[in-house]
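Since the structure comes first, as structure tokens, the remarks are kept for the end.
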Amino acid sequence: MTEPLLQVAGLTKRFGGVVAADAIALDITAGECHAVIGPNGAGKTTLVGLLAGEIAPQGGSIRFDGRDITALAVHNRSQLGVARSFQTTSLFAEFTALDNVALAVQAHAGHSFRFWTSARAEAALREPALQALEDVGLAARAEARVDKLSHGEQRQLEIAVALATKPRLLLLDEPMAGLGADESARMVALLRRFKGAITMLLIEHDMATVFALADRITVLVYGRVIAGGDPASVRADAAVREAYLGEHDARHD
Amino acid sequence: MKAARKVLGVPLPACWLAPRTALPAAVLVVLGLVPVYAAATGDPFALTLFGRIEILAMAALSLNLIMGYGGMASFGHAAYLGIGGYAVGILWKEGIGSGFVQWPVAIAVSALFALVVGALSLRTRGVYFIMITLAFAQMVYYVAQGLDRYGGDDGMTIGSRSSFAGLVNLNNAAQLYYLCFALLLASLFLVSRLVNSRFGLVIEGTRSNERRMRAIGVSPFRYKLVCFVIAGALCGLAGALLANHTNFISPAMMYWTRSGDLMVMVILGGLGSLFGPVLGTVTYLLLEEALSRVTEYPGLFIGPALLLVAIFMHGGIEGLFGARRRD
């Protein structure tokens, strides 16, 4: 078997007395969509922060494509192909949608010490950016400023920006956060289109979404992995039912 | 693909008669005609006043590059005016009168100073950044005060203006004025290219959202530092012009209130707009000039006016005539 694309071992992070990541072990195989679920405060967003490089762990290691990236800075990880979307939308608010994506393309097209030609006139930046917007269904809004976009459109743009960096691993931190039912369904359809082509780590609250998208699931509770495996086995896992799914199932049964 | 072509092409220039292009054009035409007016009336005062406006507009333009586009609120920008001016004055005193030496030295020393200040200050944020830039500027101010050979606290009169081997004669008031005018136009062109380049988008994007900038794979520090150095160099050139314009250098050129004046000009005109700093400088200096003729305390009127701008006009003067940034 080939080596997993992402190998996390013993990853630990404490904030004061709170253990947000407690010796987390996690393997993500190239091509899979791996969901991380868990109740509020389980440390899901901390995990994304650790993997993206925004948070430094106190112990453990992260290997990406066979390389130890535990101490690598955010921008260096991005250059290696680790992209992320933010749970709370984080974009260049005064720029247009197209500018946002084009800047992400530019960030992966060599250094930006180019002072004279207009970046907005460079087809090499604009065309891939427009393609990414088209991929997420935002091409018609390319020239709209981000702060004029609806919340749903901003969530789509988050995905387009991440895609524009040509990621090999996409960290999605609750991409459906704040979306209505229709918008959520569209986002699920969107992510399903990239399934297989791009390796994804999906943080998600909504169980229907997780079971619709994930090939494998890891369950986090209080920063600890309590279960992992394919959706069916996770669904059947007694500890998971008790810790997390219990209340859902109880309501539905 | 049709939609692509529309957004890929350089957007058509907006109607040239639109207020937002008409006002800058009118201001530049007026600035260009000042020597004609001065020659017709035989009154050289207009040349002095507007020459000074052009020079300080260049300084404001350079401050806007870091403060408006880059979000780096440097509170020590007058230091570069002083460094540029002292480069000219000191070299003159030591017998080097050629502008071909003086001006490049003014630019280079300013750039070097910006490199040092930037390298130390750009790792900090907010109030700390402001304090460090202010501290460096005050340090240079006190160093200049201690330079007894070059006038110390009183400053020094420069005996002759920079010479350019007969290319331009700066002792001719109109030629000096037009040189200032040409350099202001060149600075405007430079900044307009810079802010739309790949470099400029990284600078503006970093101001907008540094966390996002890192997440897409860019470490902003080097870009901010280079931006800081470009702004310092440009302001150093303005300082060299200022020393030639007044034939005088003194520590007062770089006192912290002068840095404050420059910030006011930029904010008054409109942060992060290309032409805003020019409008702000023209407005501020003309207002100051007019008020100083009717009152001993022009600040009494300028202060409240600024307050109104800060509260009600976020885009500054430029913002009144069109959107500050692209919609």
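Each chain of the structure tokens is named A, B, ... in the order shown, its residues numbered from 1; ligands are numbered from 1 in display order.
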
7 Å contact set for segment 96-111 of chain A, only C-alpha atoms, chain neighbours under 6 positions out, as a list in words: Gln79, Leu125, Arg126, Ala129, Leu130, Arg141, Ala142, Glu143, Ala144, Arg145, Val146, Leu157, Ala160, Val161, Ala164 and Thr165 of chain A; Ile216, Gly217 and Val218 of chain B

Spatial neighbours of Leu271 of chain B, 7 Å, only C-alpha atoms, chain gap at least 3 places, as a ChimeraX atom specification: /B:64,68,266-267,276,315

Within 7 Å of chain B: residues of chain A, using only C-alpha atoms, as a ChimeraX atom specification: /A:74-76,78-79,90-93,104,107,112-119,121,123,126,144-145,165

Nearest-residue call for Leu201 of chain A, choices A:Leu138, A:Ala30, A:Leu179, A:Ile62, using only C-alpha atoms: A:Ala30

Surrounding residues of Leu185 of chain B excluding itself and chain neighbours under 4 positions, 10 Å, only C-alpha atoms, as a list in words: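 The contact residues come out as Leu28, Glu54, Met58, Leu179, Cys180, Phe181, Phe189, Leu190 and Val191 of chain B.
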
Atom CA of Ile55 of chain B to atom CA of Glu318 of chain B, straight-line distance in Å: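 Atom CA of Glu318 of chain B sits 19.5 Å away from atom CA of Ile55 of chain B.
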
DSSP-assigned helix (DSSP H, G or I) among segment 68-217 of chain A, expressed as a PyMOL selection string: chain A and resi 74-80+97-107+119-121+123-135+139-141+146-148+151-164+181-194+207-213

10 Å contact set for Thr88 of chain A, only C-alpha atoms, chain neighbours under 6 positions out, as a PyMOL selection string: chain A and resi 155+158+173-175+177-178

Limited to N, CA and C atoms, could you put the picked residues into a file as a short mmCIF file (atom, residue, chain, number, x, y, z; two decimals), in the first residue's frame?
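Saved result, out-v6.cif, follows:
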data_model
loop_
_atom_site.label_atom_id
_atom_site.label_comp_id
_atom_site.auth_asym_id
_atom_site.auth_seq_id
_atom_site.Cartn_x
_atom_site.Cartn_y
_atom_site.Cartn_z
N ARG A 155 -19.13 31.95 0.62
CA ARG A 155 -18.68 30.59 0.93
C ARG A 155 -18.17 29.88 -0.33
N GLU A 158 -14.78 31.21 -1.15
CA GLU A 158 -13.76 30.58 -0.30
C GLU A 158 -13.22 29.32 -0.98
N ASP A 173 -13.05 23.82 6.58
CA ASP A 173 -13.54 24.02 7.95
C ASP A 173 -15.00 24.47 7.90
N GLU A 174 -15.89 23.52 8.07
CA GLU A 174 -17.33 23.77 8.04
C GLU A 174 -17.76 24.64 6.85
N PRO A 175 -17.61 24.11 5.66
CA PRO A 175 -17.95 24.91 4.47
C PRO A 175 -19.43 25.28 4.39
N ALA A 177 -21.17 26.33 6.95
CA ALA A 177 -21.54 27.18 8.09
C ALA A 177 -22.40 28.35 7.64
N GLY A 178 -23.55 28.48 8.25
CA GLY A 178 -24.42 29.62 7.98
C GLY A 178 -25.21 29.55 6.69
#

All strand (DSSP E) residues (DSSP, backbone) inside segment 66-225 of chain A, as a list in words: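 DSSP on the backbone gives strand (DSSP E) at Arg67, Asp68, Val82, Ala83, Arg84, Ser85, Leu169, Leu170, Leu171, Leu172, Asp173, Thr199, Met200, Leu201, Leu202, Ile203, Arg216, Ile217, Thr218, Val219, Leu220, Val221, Arg224 and Val225 of chain A.
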